[in-house]
$ cat run_21.txt   # compact mmCIF, C-alpha atoms and all ligand atoms
# COMPACT_ATOMS: atom_id res chain seq x y z
CA MET A 19 5.62 18.92 -149.49
CA ALA A 20 6.43 15.80 -151.52
CA THR A 21 3.03 14.33 -152.20
CA THR A 22 2.24 10.87 -153.38
CA ILE A 23 -1.41 10.89 -154.29
CA PRO A 24 -3.07 7.49 -154.64
CA ALA A 25 -5.14 6.89 -157.77
CA PHE A 26 -8.29 5.05 -158.85
CA ARG A 27 -8.50 3.07 -162.08
CA LEU A 28 -10.70 4.36 -164.91
CA ASN A 29 -9.74 1.91 -167.64
CA ALA A 30 -6.89 -0.44 -168.59
CA ASP A 31 -4.55 2.47 -169.36
CA THR A 32 -5.80 5.34 -167.22
CA GLU A 33 -5.87 6.15 -163.52
CA ILE A 34 -7.36 9.25 -161.91
CA PRO A 35 -5.59 10.87 -158.93
CA ALA A 36 -7.64 10.49 -155.74
CA VAL A 37 -7.45 14.27 -155.15
CA GLY A 38 -7.85 16.90 -157.84
CA PHE A 39 -8.18 20.68 -157.92
CA GLY A 40 -11.70 22.01 -158.62
CA THR A 41 -12.06 25.27 -160.54
CA TYR A 42 -15.79 26.03 -160.46
CA LEU A 43 -16.47 29.68 -159.46
CA ILE A 44 -12.84 30.63 -160.01
CA GLN A 45 -13.00 33.82 -162.08
CA PRO A 46 -11.26 33.72 -165.48
CA ASP A 47 -8.67 36.33 -164.42
CA GLU A 48 -7.80 34.41 -161.22
CA THR A 49 -7.64 30.96 -162.77
CA ALA A 50 -4.11 30.81 -164.20
CA ALA A 51 -2.54 31.83 -160.87
CA ALA A 52 -4.75 29.41 -158.90
CA VAL A 53 -4.01 26.44 -161.16
CA GLY A 54 -0.28 27.23 -161.26
CA ALA A 55 -0.25 27.40 -157.45
CA ALA A 56 -2.23 24.15 -157.19
CA ILE A 57 0.28 22.27 -159.34
CA ALA A 58 3.18 23.78 -157.38
CA SER A 59 1.41 22.60 -154.17
CA GLY A 60 1.27 19.03 -155.44
CA TYR A 61 -2.06 18.71 -157.30
CA ARG A 62 -1.82 16.47 -160.34
CA HIS A 63 -5.46 16.66 -161.49
CA ILE A 64 -7.25 19.83 -162.62
CA ASP A 65 -11.02 19.75 -163.14
CA THR A 66 -12.66 22.36 -165.37
CA ALA A 67 -15.61 22.65 -167.77
CA SER A 68 -16.51 24.78 -170.77
CA VAL A 69 -19.38 26.28 -168.75
CA TYR A 70 -16.95 27.54 -166.06
CA GLU A 71 -15.55 29.88 -168.74
CA ASN A 72 -12.04 29.49 -167.35
CA GLU A 73 -10.48 26.87 -169.65
CA GLU A 74 -7.96 29.42 -171.05
CA GLY A 75 -6.79 30.22 -167.52
CA VAL A 76 -6.59 26.51 -166.68
CA GLY A 77 -4.38 25.95 -169.73
CA GLU A 78 -2.13 28.87 -168.80
CA GLY A 79 -1.93 27.68 -165.18
CA ILE A 80 -0.97 24.18 -166.33
CA ARG A 81 1.84 25.57 -168.51
CA THR A 82 3.16 27.69 -165.62
CA GLY A 83 2.78 24.82 -163.14
CA LEU A 84 4.69 22.44 -165.40
CA LYS A 85 7.49 24.96 -165.77
CA THR A 86 7.74 25.55 -162.01
CA THR A 87 7.69 21.87 -161.10
CA ARG A 88 9.68 20.66 -164.16
CA LEU A 89 6.96 18.09 -164.79
CA SER A 90 5.63 17.10 -168.20
CA ARG A 91 2.08 17.10 -169.60
CA GLU A 92 1.74 13.34 -168.91
CA ASP A 93 2.18 14.01 -165.17
CA ILE A 94 -1.02 16.08 -165.03
CA PHE A 95 -4.53 14.68 -165.36
CA VAL A 96 -6.91 17.16 -166.99
CA THR A 97 -10.70 16.88 -166.97
CA THR A 98 -13.03 19.11 -168.91
CA LYS A 99 -16.73 18.85 -169.66
CA LEU A 100 -19.11 19.30 -172.54
CA TRP A 101 -22.01 21.63 -171.84
CA PRO A 102 -24.77 19.60 -173.51
CA GLY A 103 -27.27 22.48 -173.94
CA ASN A 104 -30.17 22.82 -171.54
CA PRO A 105 -33.64 23.35 -173.02
CA GLY A 106 -34.72 24.49 -169.51
CA TRP A 107 -32.45 27.52 -170.05
CA GLY A 108 -33.69 28.07 -173.60
CA GLU A 109 -30.69 26.26 -175.13
CA ARG A 110 -30.83 23.72 -177.96
CA PRO A 111 -29.11 20.43 -177.03
CA LYS A 112 -25.93 19.93 -179.03
CA SER A 113 -25.97 17.39 -181.86
CA GLU A 114 -23.26 14.74 -182.36
CA PRO A 115 -21.22 16.86 -184.84
CA GLU A 116 -21.62 19.92 -182.60
CA VAL A 117 -20.17 17.93 -179.68
CA LEU A 118 -17.10 17.04 -181.76
CA ALA A 119 -16.63 20.72 -182.67
CA GLU A 120 -17.19 21.84 -179.07
CA PHE A 121 -14.54 19.38 -177.86
CA ASP A 122 -12.02 20.86 -180.31
CA ALA A 123 -12.93 24.34 -179.03
CA SER A 124 -12.25 23.22 -175.44
CA LEU A 125 -8.88 21.75 -176.47
CA ALA A 126 -7.97 25.01 -178.21
CA ARG A 127 -8.97 27.07 -175.15
CA LEU A 128 -6.90 24.78 -172.92
CA GLY A 129 -3.99 24.83 -175.38
CA LEU A 130 -3.68 21.04 -175.12
CA ASP A 131 -3.66 18.27 -177.69
CA TYR A 132 -5.58 15.76 -175.56
CA VAL A 133 -7.48 15.65 -172.28
CA ASP A 134 -7.38 12.80 -169.81
CA LEU A 135 -11.11 12.78 -169.11
CA TYR A 136 -14.00 14.31 -171.04
CA LEU A 137 -17.43 14.31 -169.43
CA ILE A 138 -20.95 15.19 -170.54
CA HIS A 139 -21.63 17.78 -167.82
CA SER A 140 -25.30 16.93 -167.31
CA PRO A 141 -28.09 14.81 -168.77
CA HIS A 142 -29.91 17.88 -170.18
CA GLY A 143 -29.22 16.75 -173.75
CA GLY A 144 -32.60 14.92 -173.84
CA THR A 145 -33.21 13.45 -177.29
CA GLN A 146 -29.59 14.26 -178.26
CA ARG A 147 -28.15 12.50 -175.19
CA ILE A 148 -27.25 9.27 -177.00
CA GLY A 149 -25.74 11.13 -179.97
CA GLN A 150 -23.69 13.20 -177.53
CA TRP A 151 -22.39 10.02 -175.92
CA ARG A 152 -21.62 8.52 -179.33
CA ALA A 153 -19.48 11.59 -180.04
CA LEU A 154 -17.48 11.02 -176.83
CA VAL A 155 -16.92 7.37 -177.80
CA GLN A 156 -15.55 8.61 -181.16
CA LEU A 157 -13.24 11.10 -179.42
CA LYS A 158 -11.78 8.32 -177.33
CA GLN A 159 -11.35 6.07 -180.36
CA ALA A 160 -9.55 8.95 -182.12
CA GLY A 161 -7.11 9.22 -179.19
CA LYS A 162 -8.14 12.79 -178.33
CA VAL A 163 -9.26 11.79 -174.82
CA ARG A 164 -7.85 9.06 -172.59
CA SER A 165 -11.15 8.32 -170.84
CA ILE A 166 -14.77 9.39 -171.15
CA GLY A 167 -17.65 9.73 -168.75
CA VAL A 168 -20.69 11.66 -167.63
CA SER A 169 -21.70 13.92 -164.77
CA ASN A 170 -24.95 14.25 -162.85
CA PHE A 171 -26.40 11.16 -164.59
CA ASN A 172 -28.87 9.08 -162.55
CA GLN A 173 -29.54 5.34 -162.82
CA LYS A 174 -32.07 5.79 -165.64
CA HIS A 175 -29.64 7.83 -167.71
CA LEU A 176 -26.97 5.14 -167.25
CA GLU A 177 -29.46 2.40 -168.18
CA GLU A 178 -30.41 4.37 -171.29
CA LEU A 179 -26.75 4.40 -172.39
CA LYS A 180 -26.35 0.70 -171.58
CA ALA A 181 -29.32 -0.20 -173.78
CA THR A 182 -27.52 1.30 -176.82
CA GLY A 183 -24.74 -1.30 -176.59
CA LEU A 184 -22.13 1.49 -176.81
CA PRO A 185 -19.16 1.38 -174.39
CA MET A 186 -20.28 2.56 -170.95
CA PRO A 187 -18.97 5.72 -169.23
CA GLU A 188 -15.81 5.15 -167.22
CA ALA A 189 -16.77 7.75 -164.60
CA ASN A 190 -19.79 9.70 -163.33
CA GLN A 191 -18.95 12.95 -161.54
CA ILE A 192 -21.67 13.62 -158.97
CA GLU A 193 -22.28 15.55 -155.76
CA LEU A 194 -21.15 13.18 -152.98
CA HIS A 195 -20.59 13.94 -149.30
CA PRO A 196 -21.97 12.61 -146.02
CA TRP A 197 -25.25 14.53 -146.52
CA SER A 198 -25.75 13.17 -150.05
CA GLN A 199 -24.42 9.60 -150.29
CA LYS A 200 -26.58 8.28 -153.17
CA PRO A 201 -26.19 4.55 -152.27
CA ALA A 202 -28.46 3.21 -155.06
CA LEU A 203 -26.68 5.23 -157.75
CA ILE A 204 -23.25 4.20 -156.40
CA ALA A 205 -24.31 0.52 -156.41
CA CYS A 206 -25.47 0.85 -160.03
CA MET A 207 -22.18 2.52 -160.96
CA ARG A 208 -20.12 -0.16 -159.22
CA GLU A 209 -22.09 -2.89 -161.08
CA ASN A 210 -21.17 -1.20 -164.35
CA SER A 211 -17.53 -0.38 -163.44
CA ILE A 212 -18.23 3.37 -163.53
CA ALA A 213 -15.83 5.21 -161.22
CA PRO A 214 -17.47 7.76 -158.88
CA ILE A 215 -15.89 11.23 -158.83
CA ALA A 216 -17.15 13.35 -155.95
CA TYR A 217 -17.80 17.07 -156.18
CA SER A 218 -18.81 19.61 -153.54
CA SER A 219 -17.28 17.30 -150.90
CA LEU A 220 -17.07 20.27 -148.54
CA ALA A 221 -20.78 21.19 -148.73
CA PRO A 222 -21.46 20.30 -145.05
CA LEU A 223 -18.92 22.95 -143.86
CA SER A 224 -20.71 25.92 -142.29
CA THR A 225 -18.50 28.22 -144.39
CA TRP A 226 -19.01 26.37 -147.70
CA ARG A 227 -19.36 28.85 -150.61
CA ALA A 228 -19.99 31.53 -148.01
CA GLY A 229 -18.34 34.30 -150.03
CA PRO A 230 -20.28 37.04 -151.85
CA GLY A 231 -21.91 35.86 -155.08
CA GLN A 232 -21.39 32.16 -154.27
CA GLU A 233 -24.75 30.48 -154.28
CA SER A 234 -25.63 27.98 -151.55
CA ALA A 235 -29.00 26.37 -150.95
CA LYS A 236 -28.19 25.47 -147.36
CA THR A 237 -30.93 25.88 -144.78
CA ASP A 238 -30.36 26.82 -141.12
CA LYS A 239 -31.50 23.32 -140.12
CA MET A 240 -28.72 21.85 -142.25
CA LYS A 241 -26.20 24.17 -140.64
CA ALA A 242 -27.36 23.13 -137.15
CA ASP A 243 -25.75 19.68 -136.76
CA SER A 244 -22.33 20.30 -138.27
CA HIS A 245 -20.81 19.72 -134.80
CA VAL A 246 -20.64 15.98 -135.65
CA PHE A 247 -17.88 16.63 -138.18
CA ILE A 248 -16.19 19.21 -135.98
CA ASP A 249 -16.03 16.69 -133.11
CA MET A 250 -14.88 13.86 -135.36
CA ALA A 251 -12.18 16.01 -136.99
CA ALA A 252 -10.86 16.98 -133.53
CA LYS A 253 -10.55 13.27 -132.65
CA TYR A 254 -8.21 12.73 -135.62
CA GLY A 255 -6.41 16.06 -135.19
CA VAL A 256 -7.41 17.26 -138.66
CA SER A 257 -9.67 20.00 -140.04
CA GLU A 258 -13.34 19.40 -140.80
CA ALA A 259 -12.51 19.81 -144.50
CA GLN A 260 -9.85 17.09 -144.30
CA LEU A 261 -12.32 14.78 -142.56
CA LEU A 262 -14.94 15.30 -145.30
CA LEU A 263 -12.39 14.79 -148.09
CA ARG A 264 -10.93 11.73 -146.37
CA TRP A 265 -14.46 10.26 -146.17
CA GLY A 266 -14.61 10.60 -149.97
CA VAL A 267 -11.27 8.99 -150.80
CA GLN A 268 -11.76 6.31 -148.15
CA SER A 269 -15.10 5.48 -149.79
CA GLY A 270 -13.26 5.04 -153.10
CA TYR A 271 -14.21 8.40 -154.66
CA ALA A 272 -11.78 10.79 -156.34
CA VAL A 273 -12.41 14.23 -154.80
CA LEU A 274 -12.00 17.75 -156.29
CA PRO A 275 -11.65 20.39 -153.56
CA LYS A 276 -11.57 24.00 -154.77
CA SER A 277 -9.72 26.61 -152.76
CA LEU A 278 -8.11 29.93 -153.58
CA ASN A 279 -6.43 30.02 -150.18
CA PRO A 280 -2.86 28.60 -150.40
CA GLN A 281 -2.97 27.08 -146.92
CA ARG A 282 -6.35 25.37 -147.51
CA MET A 283 -5.17 24.27 -150.95
CA ARG A 284 -2.28 22.37 -149.32
CA GLN A 285 -4.40 21.11 -146.42
CA ASN A 286 -6.93 19.59 -148.83
CA LEU A 287 -4.18 17.40 -150.33
CA ASP A 288 -3.01 16.17 -146.96
CA LEU A 289 -5.45 13.29 -146.48
CA PHE A 290 -3.25 10.24 -146.32
CA ARG A 291 -1.74 10.43 -142.84
CA PHE A 292 -4.95 9.37 -141.05
CA SER A 293 -7.95 7.18 -141.66
CA ILE A 294 -11.50 7.31 -140.32
CA ASP A 295 -12.23 4.28 -138.16
CA SER A 296 -15.09 1.91 -139.01
CA GLU A 297 -17.26 3.15 -136.13
CA ASP A 298 -17.10 6.71 -137.45
CA MET A 299 -17.63 5.55 -141.06
CA ASP A 300 -20.80 3.78 -139.81
CA LEU A 301 -21.94 6.93 -138.00
CA ILE A 302 -21.41 9.01 -141.15
CA LYS A 303 -23.50 6.48 -143.08
CA THR A 304 -26.49 7.45 -140.91
CA MET A 305 -26.14 11.13 -141.87
CA ASP A 306 -27.30 10.74 -145.47
CA ARG A 307 -30.09 13.22 -146.29
CA GLY A 308 -30.66 12.21 -149.89
CA ASP A 309 -30.48 14.77 -152.64
CA GLY A 310 -27.60 17.22 -153.05
CA ILE A 311 -27.20 20.88 -152.14
CA ALA A 312 -25.15 22.04 -155.11
CA TRP A 313 -27.18 20.03 -157.67
CA SER A 314 -30.57 18.35 -157.34
CA MET A 315 -30.66 14.98 -159.11
CA GLY A 316 -34.43 15.04 -158.61
CA ASP A 317 -36.22 11.73 -159.12
CA PRO A 318 -33.56 9.02 -159.67
CA THR A 319 -36.02 6.99 -161.72
CA SER A 320 -36.75 9.84 -164.14
CA ILE A 321 -35.14 10.05 -167.57
CA GLU A 322 -35.80 13.82 -168.01
N1 LIG B 1 -19.95 18.27 -162.42
C1 LIG B 1 -20.61 19.21 -161.78
O1 LIG B 1 -21.79 19.49 -162.05
C2 LIG B 1 -19.92 19.95 -160.66
C3 LIG B 1 -20.67 20.73 -159.78
C4 LIG B 1 -20.00 21.38 -158.75
C5 LIG B 1 -18.61 21.26 -158.64
N2 LIG B 1 -17.91 20.51 -159.54
C6 LIG B 1 -16.41 20.40 -159.46
O2 LIG B 1 -16.04 20.03 -158.15
C7 LIG B 1 -15.22 21.05 -157.58
C8 LIG B 1 -15.44 21.16 -156.08
O3 LIG B 1 -16.76 21.47 -155.76
P1 LIG B 1 -17.21 22.92 -155.24
O4 LIG B 1 -16.32 23.95 -155.85
O5 LIG B 1 -18.67 22.97 -155.45
O6 LIG B 1 -17.01 22.88 -153.69
P2 LIG B 1 -15.92 22.38 -152.65
O7 LIG B 1 -14.59 22.21 -153.26
O8 LIG B 1 -16.54 21.24 -151.94
O9 LIG B 1 -15.90 23.62 -151.65
C9 LIG B 1 -15.37 24.88 -152.02
C10 LIG B 1 -15.64 25.88 -150.88
O10 LIG B 1 -15.01 25.42 -149.68
C11 LIG B 1 -14.02 26.39 -149.25
N3 LIG B 1 -12.87 25.59 -148.78
C12 LIG B 1 -11.99 24.87 -149.53
N4 LIG B 1 -11.11 24.23 -148.76
C13 LIG B 1 -11.41 24.53 -147.48
C14 LIG B 1 -10.86 24.18 -146.23
N5 LIG B 1 -9.80 23.35 -146.13
N6 LIG B 1 -11.43 24.71 -145.10
C15 LIG B 1 -12.49 25.52 -145.18
N7 LIG B 1 -13.07 25.88 -146.34
C16 LIG B 1 -12.54 25.41 -147.49
C17 LIG B 1 -13.73 27.24 -150.47
O11 LIG B 1 -13.34 28.54 -150.12
P3 LIG B 1 -11.84 29.12 -150.37
O12 LIG B 1 -11.62 29.13 -151.85
O13 LIG B 1 -11.93 30.49 -149.79
O14 LIG B 1 -10.89 28.22 -149.64
C18 LIG B 1 -15.11 27.26 -151.15
O15 LIG B 1 -15.97 28.18 -150.49
C19 LIG B 1 -15.60 22.30 -158.38
O16 LIG B 1 -14.67 23.35 -158.23
C20 LIG B 1 -15.72 21.73 -159.76
O17 LIG B 1 -14.43 21.54 -160.33
C21 LIG B 1 -18.54 19.84 -160.52

$ encode --input "run_21.txt" --output "C-alpha cells"
Amino acid sequence: MATTIPAFRLNADTEIPAVGFGTYLIQPDETAAAVGAAIASGYRHIDTASVYENEEGVGEGIRTGLKTTRLSREDIFVTTKLWPGNPGWGERPKSEPEVLAEFDASLARLGLDYVDLYLIHSPHGGTQRIGQWRALVQLKQAGKVRSIGVSNFNQKHLEELKATGLPMPEANQIELHPWSQKPALIACMRENSIAPIAYSSLAPLSTWRAGPGQESAKTDKMKADSHVFIDMAAKYGVSEAQLLLRWGVQSGYAVLPKSLNPQRMRQNLDLFRFSIDSEDMDLIKTMDRGDGIAWSMGDPTSIE
C-alpha cells in the first residue's frame, strides 16, 4: 500500500506524521520484528521510551525497515522519552546533567545520532522538573534532537515552564480519545502552540489491552456503551479502531496506534479515505468522561 501520511507542524523545520507506531508493551525480543514490519507497512513514525526497555529493538527494527523499504534515516520520525525519576516509586528525580547523560544512553541504545522528538515522559521530576526541561532545550540547541516536548503535563506544569522564560515544549503527548478529551488542557496547548500527540486512542475498544499481562482499568460500565462507536464505524464502513483513530487525526492530533497484528497494523494507517461528519463529531464531543484510563492526570490545577 503506497501511503501518504499527512503531518502536523511542530516547529519551523519539523513536522510529525499524523500516524505513528506505538511500542509500549512490546516485549524487547519482539520489538525489532514489529518495528521492521511497521516501517514496511508504511509507518514513518516510531514512538518509544527508555522506560519501555525496547529502544535497542526499535533501533534494530528501524535499520531493517530502512533496508527493506530503501528509505533513509531522514524519512523516519523517531520519538523517545526521558524517564524523569518518580519519587512515588522510590526513584530520585534526574538532575540536569543526568538528563543529558540519559539522552546519550537512549541514542546509543537506538543506534542513532539524533532523534526527531525527545519528551519528558511525565511531570514526576518535581523540584528537578525545570532543570530537566533546561537539559532538553540544550539538546535541541546542540542539534541532537529536532524537537522537544513533554508528556502527561497538565496546565499547571505548562504554566510553570512558561514562567521560566525558556522556550516552550513543541508537543505534549497525552491520553486522548472520545472518553478523555481534555478540552481545557487542549485549549491551553493551542494557546501556546504546543502540538497534541494522542496516545491510547483505542482505549474505548472492548478488546483494548485485553491480552494476558496487559493492564486495563476499564470498568464494566465503561464497556457497556461501546455500541456508539460500533454503530458509527458501520456507517462509514470502517472498523471501530479506524473510527477512533480518525477522530484523533481529524481533531488535529498525531496518533500512535500499537499493534502486533499485521492486518491491524495496516488498518490503523488507513484513515484518510473517509471523514467523520460534523454531526458525529458533535455526538462524540458529548462522550467525554474526563480523566484517562491508561494514565490519570489527577487534578489539572495541581503542580505535583
Ligand atoms: N506517553 C505516555 O505516557 C504513553 C502512555 C501510553 C501509551 N503511549 C504511546 O502510545 C502508544 C499507543 O497507546 P497504547 O499502546 O496504550 O494503546 P493503543 O495503541 O490505543 O491500543 C493498543 C491495543 O489495541 C489493540 N489494537 C490495535 N489495533 C487494533 C485494531 N485495529 N483493532 C482492534 N484492536 C486493535 C492492540 O492489540 P494487538 O497488538 O493485538 O493488535 C492493543 O491491545 C503506545 O504504544 C506508546 O507508544 C504513551

$ atom_distance --input "run_21.txt" --atom1 "atom CA of Thr98 of chain A" --atom2 "atom CA of Tyr136 of chain A"
5.3 Å

$ residues_near_ligand --input "run_21.txt" --ligand "ligand LIG 1 (chain B)" --cutoff "8 Å" --atoms "only C-alpha atoms and all ligand atoms" --output "compact mmCIF listing (two decimals) with C-alpha atoms, in the coordinates of the input"
# COMPACT_ATOMS: atom_id res chain seq x y z
CA PHE A 39 -8.18 20.68 -157.92
CA GLY A 40 -11.70 22.01 -158.62
CA THR A 41 -12.06 25.27 -160.54
CA TYR A 42 -15.79 26.03 -160.46
CA LEU A 43 -16.47 29.68 -159.46
CA ILE A 44 -12.84 30.63 -160.01
CA ILE A 64 -7.25 19.83 -162.62
CA ASP A 65 -11.02 19.75 -163.14
CA THR A 66 -12.66 22.36 -165.37
CA ALA A 67 -15.61 22.65 -167.77
CA LYS A 99 -16.73 18.85 -169.66
CA HIS A 139 -21.63 17.78 -167.82
CA SER A 140 -25.30 16.93 -167.31
CA SER A 169 -21.70 13.92 -164.77
CA ASN A 170 -24.95 14.25 -162.85
CA GLN A 191 -18.95 12.95 -161.54
CA ILE A 192 -21.67 13.62 -158.97
CA GLU A 193 -22.28 15.55 -155.76
CA ALA A 216 -17.15 13.35 -155.95
CA TYR A 217 -17.80 17.07 -156.18
CA SER A 218 -18.81 19.61 -153.54
CA SER A 219 -17.28 17.30 -150.90
CA LEU A 220 -17.07 20.27 -148.54
CA ALA A 221 -20.78 21.19 -148.73
CA LEU A 223 -18.92 22.95 -143.86
CA THR A 225 -18.50 28.22 -144.39
CA TRP A 226 -19.01 26.37 -147.70
CA ARG A 227 -19.36 28.85 -150.61
CA ALA A 228 -19.99 31.53 -148.01
CA GLY A 229 -18.34 34.30 -150.03
CA GLN A 232 -21.39 32.16 -154.27
CA SER A 257 -9.67 20.00 -140.04
CA GLU A 258 -13.34 19.40 -140.80
CA ALA A 259 -12.51 19.81 -144.50
CA GLN A 260 -9.85 17.09 -144.30
CA VAL A 273 -12.41 14.23 -154.80
CA LEU A 274 -12.00 17.75 -156.29
CA PRO A 275 -11.65 20.39 -153.56
CA LYS A 276 -11.57 24.00 -154.77
CA SER A 277 -9.72 26.61 -152.76
CA LEU A 278 -8.11 29.93 -153.58
CA ASN A 279 -6.43 30.02 -150.18
CA GLN A 281 -2.97 27.08 -146.92
CA ARG A 282 -6.35 25.37 -147.51
CA MET A 283 -5.17 24.27 -150.95
CA GLN A 285 -4.40 21.11 -146.42
CA ASN A 286 -6.93 19.59 -148.83
CA ALA A 312 -25.15 22.04 -155.11
CA TRP A 313 -27.18 20.03 -157.67

$ closest_residue --input "run_21.txt" --among "A:Gly144, A:His175, A:Ala51, A:Ala181" --to "Pro105 of chain A" --atoms "only C-alpha atoms"
A:Gly144

$ residues_around --input "run_21.txt" --residues "Gly167 of chain A" --least-positions-apart "5" --cutoff "9 Å" --atoms "all atoms listed in the file" --output "PDB file with C-alpha atoms, in the coordinates of the input"
ATOM      1  CA  LEU A 135     -11.110  12.780-169.110  1.00  0.00           C
ATOM      2  CA  TYR A 136     -14.000  14.310-171.040  1.00  0.00           C
ATOM      3  CA  LEU A 137     -17.430  14.310-169.430  1.00  0.00           C
ATOM      4  CA  ILE A 138     -20.950  15.190-170.540  1.00  0.00           C
ATOM      5  CA  TRP A 151     -22.390  10.020-175.920  1.00  0.00           C
ATOM      6  CA  LEU A 154     -17.480  11.020-176.830  1.00  0.00           C
ATOM      7  CA  MET A 186     -20.280   2.560-170.950  1.00  0.00           C
ATOM      8  CA  PRO A 187     -18.970   5.720-169.230  1.00  0.00           C
ATOM      9  CA  GLU A 188     -15.810   5.150-167.220  1.00  0.00           C
ATOM     10  CA  ALA A 189     -16.770   7.750-164.600  1.00  0.00           C
ATOM     11  CA  ASN A 190     -19.790   9.700-163.330  1.00  0.00           C
ATOM     12  CA  GLN A 191     -18.950  12.950-161.540  1.00  0.00           C
ATOM     13  CA  ILE A 212     -18.230   3.370-163.530  1.00  0.00           C
ATOM     14  CA  ALA A 213     -15.830   5.210-161.220  1.00  0.00           C
TER      15      ALA A 213
END

$ residues_around --input "run_21.txt" --residues "segment 23-30 of chain A" --least-positions-apart "6" --cutoff "12 Å" --atoms "only C-alpha atoms" --output "PyMOL selection string"
chain A and resi 36-38+60-63+93-95+134-135+158+164-167+185-190+208+210-215+267-273+286-291

$ atom_distance --input "run_21.txt" --atom1 "atom CA of Asn72 of chain A" --atom2 "atom CA of Ile57 of chain A"
16.4 Å

$ axis_aligned_box --input "run_21.txt" --around "segment 156-166 of chain A" --padding-each-side "4 Å" --output "AutoDock Vina command-line options"
--center_x -11.3 --center_y 9.4 --center_z -176.5 --size_x 16.4 --size_y 14.7 --size_z 19.3

$ closest_residue --input "run_21.txt" --among "A:Leu118, A:Leu261, A:Leu128, A:Ile34" --to "Glu78 of chain A" --atoms "all atoms listed in the file"
A:Leu128

$ decode --input "run_21.txt" --residues "segment 258-315 of chain A" --atoms "C-alpha atoms" --output "PDB file, in the first residue's frame"
ATOM      1  CA  GLU A 258     -14.143   0.802  15.318  1.00  0.00           C
ATOM      2  CA  ALA A 259     -10.374   1.256  15.662  1.00  0.00           C
ATOM      3  CA  GLN A 260     -10.226   3.264  12.431  1.00  0.00           C
ATOM      4  CA  LEU A 261     -13.104   5.443  13.629  1.00  0.00           C
ATOM      5  CA  LEU A 262     -11.327   6.197  16.932  1.00  0.00           C
ATOM      6  CA  LEU A 263      -8.021   6.942  15.196  1.00  0.00           C
ATOM      7  CA  ARG A 264      -9.745   9.087  12.567  1.00  0.00           C
ATOM      8  CA  TRP A 265     -11.371  11.088  15.388  1.00  0.00           C
ATOM      9  CA  GLY A 266      -7.849  11.829  16.650  1.00  0.00           C
ATOM     10  CA  VAL A 267      -6.308  12.936  13.359  1.00  0.00           C
ATOM     11  CA  GLN A 268      -9.452  14.845  12.382  1.00  0.00           C
ATOM     12  CA  SER A 269      -9.196  16.701  15.699  1.00  0.00           C
ATOM     13  CA  GLY A 270      -5.619  17.664  14.774  1.00  0.00           C
ATOM     14  CA  TYR A 271      -3.822  15.103  16.966  1.00  0.00           C
ATOM     15  CA  ALA A 272      -0.996  12.840  15.806  1.00  0.00           C
ATOM     16  CA  VAL A 273      -1.939   9.294  16.882  1.00  0.00           C
ATOM     17  CA  LEU A 274       0.272   6.302  17.843  1.00  0.00           C
ATOM     18  CA  PRO A 275      -1.606   3.004  17.478  1.00  0.00           C
ATOM     19  CA  LYS A 276       0.258  -0.083  18.687  1.00  0.00           C
ATOM     20  CA  SER A 277      -0.479  -3.447  17.123  1.00  0.00           C
ATOM     21  CA  LEU A 278       1.470  -6.662  16.731  1.00  0.00           C
ATOM     22  CA  ASN A 279      -1.101  -7.993  14.280  1.00  0.00           C
ATOM     23  CA  PRO A 280      -0.005  -7.270  10.663  1.00  0.00           C
ATOM     24  CA  GLN A 281      -3.564  -6.765   9.420  1.00  0.00           C
ATOM     25  CA  ARG A 282      -4.468  -4.350  12.252  1.00  0.00           C
ATOM     26  CA  MET A 283      -1.122  -2.596  11.794  1.00  0.00           C
ATOM     27  CA  ARG A 284      -2.057  -1.794   8.180  1.00  0.00           C
ATOM     28  CA  GLN A 285      -5.686  -0.992   9.023  1.00  0.00           C
ATOM     29  CA  ASN A 286      -4.589   1.582  11.613  1.00  0.00           C
ATOM     30  CA  LEU A 287      -2.743   3.532   8.899  1.00  0.00           C
ATOM     31  CA  ASP A 288      -5.717   3.547   6.568  1.00  0.00           C
ATOM     32  CA  LEU A 289      -7.536   6.600   7.942  1.00  0.00           C
ATOM     33  CA  PHE A 290      -7.573   9.019   5.052  1.00  0.00           C
ATOM     34  CA  ARG A 291     -10.255   7.606   2.763  1.00  0.00           C
ATOM     35  CA  PHE A 292     -13.165   8.723   4.962  1.00  0.00           C
ATOM     36  CA  SER A 293     -14.025  11.533   7.325  1.00  0.00           C
ATOM     37  CA  ILE A 294     -16.393  11.722  10.288  1.00  0.00           C
ATOM     38  CA  ASP A 295     -19.241  14.137   9.570  1.00  0.00           C
ATOM     39  CA  SER A 296     -19.862  17.141  11.822  1.00  0.00           C
ATOM     40  CA  GLU A 297     -22.982  15.614  13.381  1.00  0.00           C
ATOM     41  CA  ASP A 298     -20.998  12.575  14.527  1.00  0.00           C
ATOM     42  CA  MET A 299     -18.076  14.755  15.691  1.00  0.00           C
ATOM     43  CA  ASP A 300     -20.622  16.680  17.814  1.00  0.00           C
ATOM     44  CA  LEU A 301     -22.038  13.440  19.214  1.00  0.00           C
ATOM     45  CA  ILE A 302     -18.538  12.227  20.129  1.00  0.00           C
ATOM     46  CA  LYS A 303     -17.945  15.539  21.917  1.00  0.00           C
ATOM     47  CA  THR A 304     -20.740  14.607  24.355  1.00  0.00           C
ATOM     48  CA  MET A 305     -18.998  11.326  25.261  1.00  0.00           C
ATOM     49  CA  ASP A 306     -16.133  12.893  27.211  1.00  0.00           C
ATOM     50  CA  ARG A 307     -15.794  11.307  30.675  1.00  0.00           C
ATOM     51  CA  GLY A 308     -12.862  13.345  31.909  1.00  0.00           C
ATOM     52  CA  ASP A 309      -9.749  11.641  33.169  1.00  0.00           C
ATOM     53  CA  GLY A 310      -7.936   8.898  31.261  1.00  0.00           C
ATOM     54  CA  ILE A 311      -7.923   5.122  31.612  1.00  0.00           C
ATOM     55  CA  ALA A 312      -4.269   4.445  30.822  1.00  0.00           C
ATOM     56  CA  TRP A 313      -2.975   7.416  32.861  1.00  0.00           C
ATOM     57  CA  SER A 314      -4.721   9.556  35.470  1.00  0.00           C
ATOM     58  CA  MET A 315      -3.792  13.238  35.137  1.00  0.00           C
TER      59      MET A 315
END
